[in-house]
Each structure stands twice: as structure tokens, then as C-alpha cells.
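One file, target.csv, is given below (CSV, C-alpha atoms and all ligand atoms).
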```csv
chain,number,residue,atom,x,y,z
A,29,MET,CA,-10.2,4.3,34.7
A,30,ALA,CA,-6.5,5.3,34.8
A,31,TYR,CA,-4.0,3.8,32.4
A,32,VAL,CA,-0.3,3.6,33.2
A,33,PHE,CA,0.3,5.3,29.9
A,34,PRO,CA,-2.1,6.7,27.3
A,35,PRO,CA,-3.6,3.9,25.2
A,36,ALA,CA,-2.6,3.7,21.5
A,37,ALA,CA,-4.7,5.8,19.2
A,38,THR,CA,-7.5,4.0,17.3
A,39,VAL,CA,-6.4,3.4,13.7
A,40,SER,CA,-9.0,4.5,11.2
A,41,VAL,CA,-9.5,4.9,7.5
A,42,PRO,CA,-11.6,7.7,5.9
A,43,VAL,CA,-14.9,6.6,4.2
A,44,ALA,CA,-15.4,8.2,0.7
A,45,GLY,CA,-18.3,10.7,0.8
A,46,LEU,CA,-18.8,10.6,4.5
A,47,ASP,CA,-17.4,12.8,7.2
A,48,ALA,CA,-16.6,9.9,9.4
A,49,GLN,CA,-13.8,7.4,9.7
A,50,PHE,CA,-13.9,3.5,9.6
A,51,PRO,CA,-12.2,2.4,12.8
A,52,VAL,CA,-9.9,-0.6,12.1
A,53,ARG,CA,-10.1,-3.6,14.4
A,54,ARG,CA,-8.1,-6.4,12.7
A,55,ILE,CA,-6.5,-7.0,9.4
A,56,TYR,CA,-6.9,-10.4,7.8
A,57,CYS,CA,-5.2,-11.3,4.6
A,58,VAL,CA,-5.9,-14.2,2.2
A,59,GLY,CA,-2.9,-16.1,0.7
A,60,ARG,CA,-2.8,-17.3,-2.9
A,61,ASN,CA,-6.2,-16.3,-4.0
A,62,TYR,CA,-5.5,-15.9,-7.8
A,63,GLU,CA,-4.6,-18.9,-9.8
A,64,ALA,CA,-1.7,-17.3,-11.8
A,65,HIS,CA,-0.2,-15.9,-8.6
A,66,ALA,CA,-0.3,-19.3,-6.8
A,67,ARG,CA,1.5,-20.7,-9.8
A,68,GLU,CA,4.2,-18.0,-9.9
A,69,MET,CA,4.8,-18.7,-6.2
A,70,GLY,CA,5.4,-22.3,-7.0
A,71,HIS,CA,2.1,-23.8,-5.9
A,72,ASP,CA,-0.6,-25.9,-7.6
A,73,PRO,CA,-3.7,-23.7,-7.4
A,74,ASP,CA,-6.1,-26.5,-6.8
A,75,ARG,CA,-9.1,-25.2,-4.9
A,76,GLU,CA,-7.9,-25.9,-1.4
A,77,PRO,CA,-9.6,-24.0,1.4
A,78,PRO,CA,-8.4,-20.4,1.6
A,79,PHE,CA,-5.6,-19.7,4.2
A,80,PHE,CA,-5.1,-16.5,6.2
A,81,PHE,CA,-2.5,-14.5,8.0
A,82,CYS,CA,-2.9,-11.2,9.9
A,83,LYS,CA,-1.2,-7.8,10.0
A,84,PRO,CA,-1.5,-5.5,13.0
A,85,ALA,CA,-4.1,-2.8,12.7
A,86,ASP,CA,-1.4,-0.1,13.0
A,87,ALA,CA,0.4,-1.4,9.9
A,88,ILE,CA,-2.2,0.7,8.0
A,89,VAL,CA,-0.9,3.7,6.0
A,90,TYR,CA,-3.7,5.8,4.6
A,91,ILE,CA,-3.2,6.9,1.0
A,92,ALA,CA,-5.4,9.9,0.1
A,93,PRO,CA,-6.8,10.0,-3.4
A,94,GLY,CA,-4.9,12.5,-5.6
A,95,GLU,CA,-2.0,12.6,-3.3
A,96,THR,CA,1.2,10.5,-3.3
A,97,GLY,CA,1.5,8.5,-0.2
A,98,GLU,CA,4.7,7.2,1.3
A,99,PHE,CA,5.9,3.6,2.0
A,100,PRO,CA,9.1,3.5,4.1
A,101,TYR,CA,11.3,0.7,2.8
A,102,PRO,CA,11.5,-1.7,5.8
A,103,THR,CA,14.6,-2.8,7.6
A,104,GLN,CA,16.0,-6.4,7.5
A,105,SER,CA,15.1,-7.1,3.9
A,106,LYS,CA,16.6,-6.7,0.5
A,107,ASP,CA,13.6,-8.0,-1.5
A,108,VAL,CA,10.4,-6.2,-0.6
A,109,HIS,CA,7.5,-6.9,-3.0
A,110,TYR,CA,4.2,-5.1,-3.8
A,111,GLU,CA,0.9,-7.1,-3.8
A,112,MET,CA,-2.0,-5.1,-5.1
A,113,GLU,CA,-5.3,-6.2,-3.5
A,114,LEU,CA,-9.0,-5.5,-3.2
A,115,VAL,CA,-9.8,-4.9,0.5
A,116,ALA,CA,-13.2,-5.8,1.9
A,117,ALA,CA,-14.2,-3.9,5.1
A,118,ILE,CA,-16.5,-5.7,7.5
A,119,GLY,CA,-19.4,-3.6,9.0
A,120,VAL,CA,-21.6,-6.2,10.7
A,121,GLN,CA,-20.6,-8.8,13.3
A,122,GLY,CA,-21.0,-12.5,12.5
A,123,LYS,CA,-19.7,-16.0,12.8
A,124,ASP,CA,-20.4,-19.1,10.7
A,125,ILE,CA,-21.9,-16.8,8.1
A,126,PRO,CA,-23.6,-18.6,5.2
A,127,VAL,CA,-22.1,-17.6,1.8
A,128,GLU,CA,-25.4,-16.3,0.6
A,129,ARG,CA,-25.6,-13.8,3.5
A,130,ALA,CA,-21.9,-13.0,3.6
A,131,LEU,CA,-22.0,-9.7,1.5
A,132,GLU,CA,-24.5,-8.3,4.0
A,133,HIS,CA,-21.6,-8.1,6.4
A,134,VAL,CA,-19.4,-6.1,4.1
A,135,PHE,CA,-19.5,-2.4,4.7
A,136,GLY,CA,-17.4,-1.5,1.7
A,137,TYR,CA,-14.2,-1.9,-0.3
A,138,ALA,CA,-10.8,-0.2,-0.7
A,139,LEU,CA,-7.6,-0.4,-2.6
A,140,GLY,CA,-4.8,-2.0,-0.6
A,141,LEU,CA,-1.2,-3.1,-0.9
A,142,ASP,CA,0.0,-6.2,1.0
A,143,MET,CA,3.7,-5.2,1.2
A,144,THR,CA,5.9,-8.2,1.8
A,145,ARG,CA,9.5,-8.9,2.8
A,146,ARG,CA,9.7,-11.7,0.3
A,147,ASP,CA,13.2,-12.8,1.3
A,148,LEU,CA,12.2,-13.3,4.9
A,149,GLN,CA,8.9,-15.0,3.8
A,150,ALA,CA,11.0,-17.5,1.8
A,151,GLN,CA,13.2,-18.2,4.8
A,152,MET,CA,10.3,-18.6,7.2
A,153,LYS,CA,8.5,-20.9,4.8
A,154,LYS,CA,11.6,-23.1,4.5
A,155,MET,CA,12.0,-23.2,8.2
A,156,GLY,CA,8.3,-23.8,8.9
A,157,ARG,CA,8.1,-20.6,10.9
A,158,PRO,CA,5.3,-18.0,11.0
A,159,TRP,CA,5.1,-15.3,8.4
A,160,ASP,CA,4.7,-12.3,10.7
A,161,ILE,CA,8.1,-10.7,10.1
A,162,ALA,CA,7.5,-11.0,6.4
A,163,LYS,CA,3.9,-9.7,6.3
A,164,GLY,CA,3.1,-7.8,9.5
A,165,PHE,CA,5.9,-5.2,9.7
A,166,ASP,CA,5.3,-1.5,10.3
A,167,HIS,CA,3.7,0.4,7.4
A,168,SER,CA,3.0,-2.9,5.5
A,169,ALA,CA,-0.6,-2.2,4.8
A,170,PRO,CA,-1.2,0.9,2.6
A,171,ILE,CA,-4.9,1.5,2.0
A,172,GLY,CA,-7.1,4.0,0.2
A,173,PRO,CA,-10.5,5.3,1.3
A,174,ILE,CA,-13.3,2.9,2.0
A,175,HIS,CA,-16.1,3.0,-0.6
A,176,ARG,CA,-19.5,2.0,0.9
A,177,ALA,CA,-21.2,-0.9,-0.8
A,178,ASN,CA,-24.9,-1.5,-1.2
A,179,LYS,CA,-26.6,-4.7,-2.3
A,180,ASP,CA,-26.0,-3.9,-6.0
A,181,SER,CA,-22.5,-2.7,-5.8
A,182,HIS,CA,-20.4,-5.6,-4.6
A,183,PRO,CA,-17.6,-6.2,-7.1
A,184,ASP,CA,-17.7,-9.5,-8.9
A,185,ARG,CA,-15.6,-8.3,-11.8
A,186,GLY,CA,-13.3,-5.3,-12.7
A,187,ALA,CA,-9.7,-4.8,-13.5
A,188,ILE,CA,-7.1,-4.9,-10.7
A,189,TRP,CA,-3.7,-3.5,-11.7
A,190,LEU,CA,-0.5,-2.0,-10.5
A,191,LYS,CA,2.2,-0.1,-12.2
A,192,VAL,CA,5.7,0.7,-11.0
A,193,ASN,CA,7.2,3.9,-12.4
A,194,GLY,CA,4.5,3.8,-15.1
A,195,ALA,CA,5.3,0.2,-16.3
A,196,ASP,CA,2.6,-2.5,-16.0
A,197,ARG,CA,3.4,-5.0,-13.3
A,198,GLN,CA,0.1,-6.6,-12.3
A,199,ARG,CA,-3.1,-6.7,-14.4
A,200,SER,CA,-5.9,-9.1,-13.7
A,201,ASP,CA,-9.6,-9.0,-12.8
A,202,VAL,CA,-11.3,-9.5,-9.5
A,203,SER,CA,-13.5,-12.1,-11.3
A,204,GLN,CA,-10.3,-14.3,-11.1
A,205,LEU,CA,-10.4,-14.6,-7.3
A,206,ILE,CA,-10.3,-18.3,-6.5
A,207,TRP,CA,-12.4,-17.6,-3.4
A,208,SER,CA,-14.9,-14.7,-4.0
A,209,VAL,CA,-15.3,-12.1,-1.3
A,210,ALA,CA,-18.5,-13.8,-0.2
A,211,GLU,CA,-16.8,-17.2,0.1
A,212,THR,CA,-13.8,-15.7,1.9
A,213,VAL,CA,-16.0,-13.8,4.4
A,214,ALA,CA,-18.1,-17.0,5.0
A,215,TYR,CA,-15.0,-19.2,5.5
A,216,LEU,CA,-13.1,-16.7,7.6
A,217,SER,CA,-16.1,-16.4,9.9
A,218,THR,CA,-15.9,-20.1,10.7
A,219,LEU,CA,-12.4,-19.5,12.1
A,220,PHE,CA,-12.8,-16.1,13.8
A,221,GLU,CA,-15.9,-14.2,14.8
A,222,LEU,CA,-15.9,-11.1,12.6
A,223,PHE,CA,-16.6,-7.7,13.9
A,224,PRO,CA,-17.2,-4.2,12.4
A,225,GLY,CA,-13.8,-2.7,11.7
A,226,ASP,CA,-12.2,-5.9,10.4
A,227,LEU,CA,-10.4,-5.6,7.0
A,228,ILE,CA,-9.8,-8.4,4.7
A,229,TYR,CA,-7.0,-8.1,2.1
A,230,THR,CA,-8.4,-10.5,-0.5
A,231,GLY,CA,-5.2,-11.6,-2.2
A,232,THR,CA,-3.0,-10.5,-5.1
A,233,PRO,CA,-3.0,-11.4,-8.8
A,234,GLU,CA,0.2,-12.5,-10.7
A,235,GLY,CA,3.0,-10.2,-11.4
A,236,VAL,CA,4.3,-9.5,-7.9
A,237,GLY,CA,7.9,-8.2,-7.8
A,238,PRO,CA,10.4,-6.0,-6.0
A,239,ILE,CA,10.5,-2.3,-5.4
A,240,VAL,CA,13.4,-0.1,-4.4
A,241,LYS,CA,13.6,3.3,-2.7
A,242,GLY,CA,12.4,6.0,-5.1
A,243,ASP,CA,9.9,3.8,-7.0
A,244,LEU,CA,6.4,5.0,-7.5
A,245,MET,CA,3.7,2.4,-7.2
A,246,THR,CA,0.3,3.3,-8.8
A,247,GLY,CA,-2.5,0.8,-8.4
A,248,GLY,CA,-6.3,0.6,-8.9
A,249,VAL,CA,-9.4,-1.5,-9.1
A,250,ASP,CA,-12.2,-0.6,-11.4
A,251,GLY,CA,-14.8,1.4,-9.5
A,252,TYR,CA,-12.5,2.3,-6.7
A,253,GLY,CA,-10.2,4.7,-8.3
A,254,GLU,CA,-6.4,4.6,-8.0
A,255,PHE,CA,-3.7,5.5,-5.6
A,256,SER,CA,0.0,6.3,-5.7
A,257,VAL,CA,2.6,5.4,-3.2
A,258,LYS,CA,6.3,6.3,-3.3
A,259,VAL,CA,8.9,4.1,-1.7
A,260,VAL,CA,11.0,6.2,0.6
A,301,MN,MN,-1.3,-10.8,-0.3
```
Here is the file; what I need is its structure written in the form of C-alpha cells.
Amino acid sequence: MAYVFPPAATVSVPVAGLDAQFPVRRIYCVGRNYEAHAREMGHDPDREPPFFFCKPADAIVYIAPGETGEFPYPTQSKDVHYEMELVAAIGVQGKDIPVERALEHVFGYALGLDMTRRDLQAQMKKMGRPWDIAKGFDHSAPIGPIHRANKDSHPDRGAIWLKVNGADRQRSDVSQLIWSVAETVAYLSTLFELFPGDLIYTGTPEGVGPIVKGDLMTGGVDGYGEFSVKVV
């Protein structure tokens, strides 16, 4: 088949310990999934159903372990925030997945940053408009390598943290997720059929805040190492 121009390259993320890439299909993100973060954003963290937004697959910026990646400060914002998150990578297709089978659909996990134009998000919320320009901008989804999971290695606890220029900014534990990875996958699969290659940014803990050009963000989740990203 002839294309009128070459199709965009497939976005992919390296898999730790494998000489093969994880091809990215879609990026789903969960909003307000840690109680203390919901409170800091001015919401009552009652256990409402989780809500979701998306980023385009090509918002991915791969951050190699041991190297300092780069996050270009985006246009049209003066208040860009970090959100350190655990990312679940889907490896098995499914819809209406029961919670007790949900982890069988998870290929592995990665460190991720859900970078956010907070000023534009606030404006869009106020006007009742979509969040895309706040959340789905170019380079808005830094991610580390994907670590394969097996049935005994799905994280239900473990520190999640982020430092800016060496100073603690976010520190929580993935046990504090309001909706666990299994519950999130199960619920999301009632809204969208999930396919291999889908990524789910599972939400950020409290302590979100702004970065400026020149800042160095370093983040990690126990068991998945850490990564460093410089704002350029
Ligand atoms: Mn987020």
C-alpha cells in the first residue's frame, strides 16, 4: 500500500533486561488517585469512581537509567508542574476485566512523569473545557524502561518519590493509591477495550509543584530504580 507520506514512527519504550521494545498504543492517565493529592487540588477524596484523561503516544520521552533525560519547558504556560507516577503497561487485550484477573493483563511497570501545564488546566477546569492542552502537550510523558512483572511482582507497596534539585518534593507509597492498579485496569476496561501497548499513568501523590528551566527532577519507585530529567 502506498501512503501519501511516510507514516509516523511507532513510539516504543525499552524493556529492562530484554533486547526488545514495548510498542506504545495509547496513554491513559488517572486523575486524583492519592488522597492527599486530591486534597491539595481542592477536592474531597471520597472514593468516587476513578476518572481518566489521555495523552498522545508520541508525548513519550524515554529516560534511560543512569542518564539525565531532557524535558523541554513547553510553550504557553508559566506554571508547569511535575507529577511523579507509577506507570502500568498493558500486555494482554481485554474488556470488562474482573478485578481479580486484572493483573494478568499487566506486562510490567515503569517510572513516569505526568507533566502538566497547571495554569492552563486551572483555566480549562473553570471554563468546563477539556484538559488536553494542559496534559497532552509534546514531551509531556517522560518514562523510564518497562520492568516485566510476574504474578509475584506486582507492586502493592513501595515508596514513590520525587526530588527537584536534590530537595524532597513528593514522598508517598503506592499502597496509598485510592484505586489500586488492578482496580484501575478493571474499571478502565469497562470504558475502553485495552490492548497490548497501552500505558496507564496511575496518578500522583501529594507535593506537586512547579519547575523552571534548569531544574533537575529525580524520581523513583521502590523496585523500579530512579531516573533524572533536566528541564531545558
Ligand atoms: Mn497525573
Point (-13.3, 6.6, 2.8) neighbourhood (6 Å, only C-alpha atoms) written as a compact mmCIF listing (two decimals) with C-alpha atoms, in the coordinates of the input:
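Written output follows (part.txt):
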```
# COMPACT_ATOMS: atom_id res chain seq x y z
CA PRO A 42 -11.60 7.70 5.90
CA VAL A 43 -14.90 6.60 4.20
CA ALA A 44 -15.40 8.20 0.70
CA PRO A 173 -10.50 5.30 1.30
CA ILE A 174 -13.30 2.90 2.00
CA HIS A 175 -16.10 3.00 -0.60
```
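Minimum atom-to-atom distances from A:Asp243, A:Gly140, A:Ala162, A:Lys258 to Ser105 (chain A) were compared using all atoms listed in the file, and the lowest value belongs to A:Ala162.
With only C-alpha atoms and all ligand atoms counted, the chains near ligand MN 301 (chain A) contribute these residues within 9 Å: Cys57, Val58, Gly59, Arg60, Asn61, Tyr110, Glu111, Met112, Glu113, Leu141, Asp142, Met143, Thr144, Lys163, Tyr229, Thr230, Gly231, Thr232 and Pro233 of chain A.
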Output as CSV one row per residue of region 109-206 of chain A within 8 Å of region 85-98 of chain A: the closest atom pair and its distance in Å to one decimal place, counting all atoms listed in the file, sorted by chain and residue number ascending.
```
residue,atom,partner,partner_atom,distance
A:Gly164,CA,A:Ala87,CA,7.0
A:Phe165,CA,A:Ala87,CA,6.7
A:Asp166,CA,A:Ala87,CA,4.9
A:His167,CA,A:Ala87,CA,4.5
A:Ser168,CA,A:Ala87,CA,5.3
A:Ala169,CA,A:Ile88,CA,4.6
A:Pro170,CA,A:Val89,CA,4.4
A:Ile171,CA,A:Tyr90,CA,5.2
A:Gly172,CA,A:Ile91,CA,4.9
A:Pro173,CA,A:Ala92,CA,7.0
```
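Ranking A:Ala138, A:Met69, A:Asp184, A:Gly247 by their shortest atom-to-atom distance to Ile206 (chain A), with all atoms listed in the file included, puts A:Asp184 first.
Minimum atom-to-atom distances from A:His182, A:Lys123, A:Lys83, A:Lys153 to Tyr137 (chain A) were compared using all atoms listed in the file, and the lowest value belongs to A:His182.
Taking only C-alpha atoms into account, Ala117 (chain A) lies nearest to A:Val52 out of the set A:Leu219, A:Ala64, A:Val52, A:Ala210.
The shortest atom-to-atom distance to Phe220 (chain A), with only C-alpha atoms taken into account, belongs to A:Ile125 out of A:Ile125, A:Val108, A:Ala37, A:Leu46.
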### Query
To one decimal place, how far is CA of Tyr101 (chain A) from CA of Pro34 (chain A) in Å?
28.6 Å
### Query
Could you work out how far CA of Thr218 (chain A) lies from CA of Val120 (chain A), giving the answer in Å with one decimal?
15.0 Å
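If you measure from each of A:Ala187, A:Gly70, A:Phe79, A:Phe99 to Val260 (chain A) using all atoms listed in the file, the closest one turns out to be A:Phe99.
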### Task
Would you list the contacts of Leu244 (chain A) as a VMD selection string, taking every protein, DNA or RNA residue within 7 Å and counting only C-alpha atoms, but skipping same-chain residues closer than 6 positions in sequence?
chain A and resid 192 to 193 256 to 259
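Rounded to one decimal, CA of Leu222 (chain A) and CA of Val202 (chain A) lie 22.6 Å from each other.
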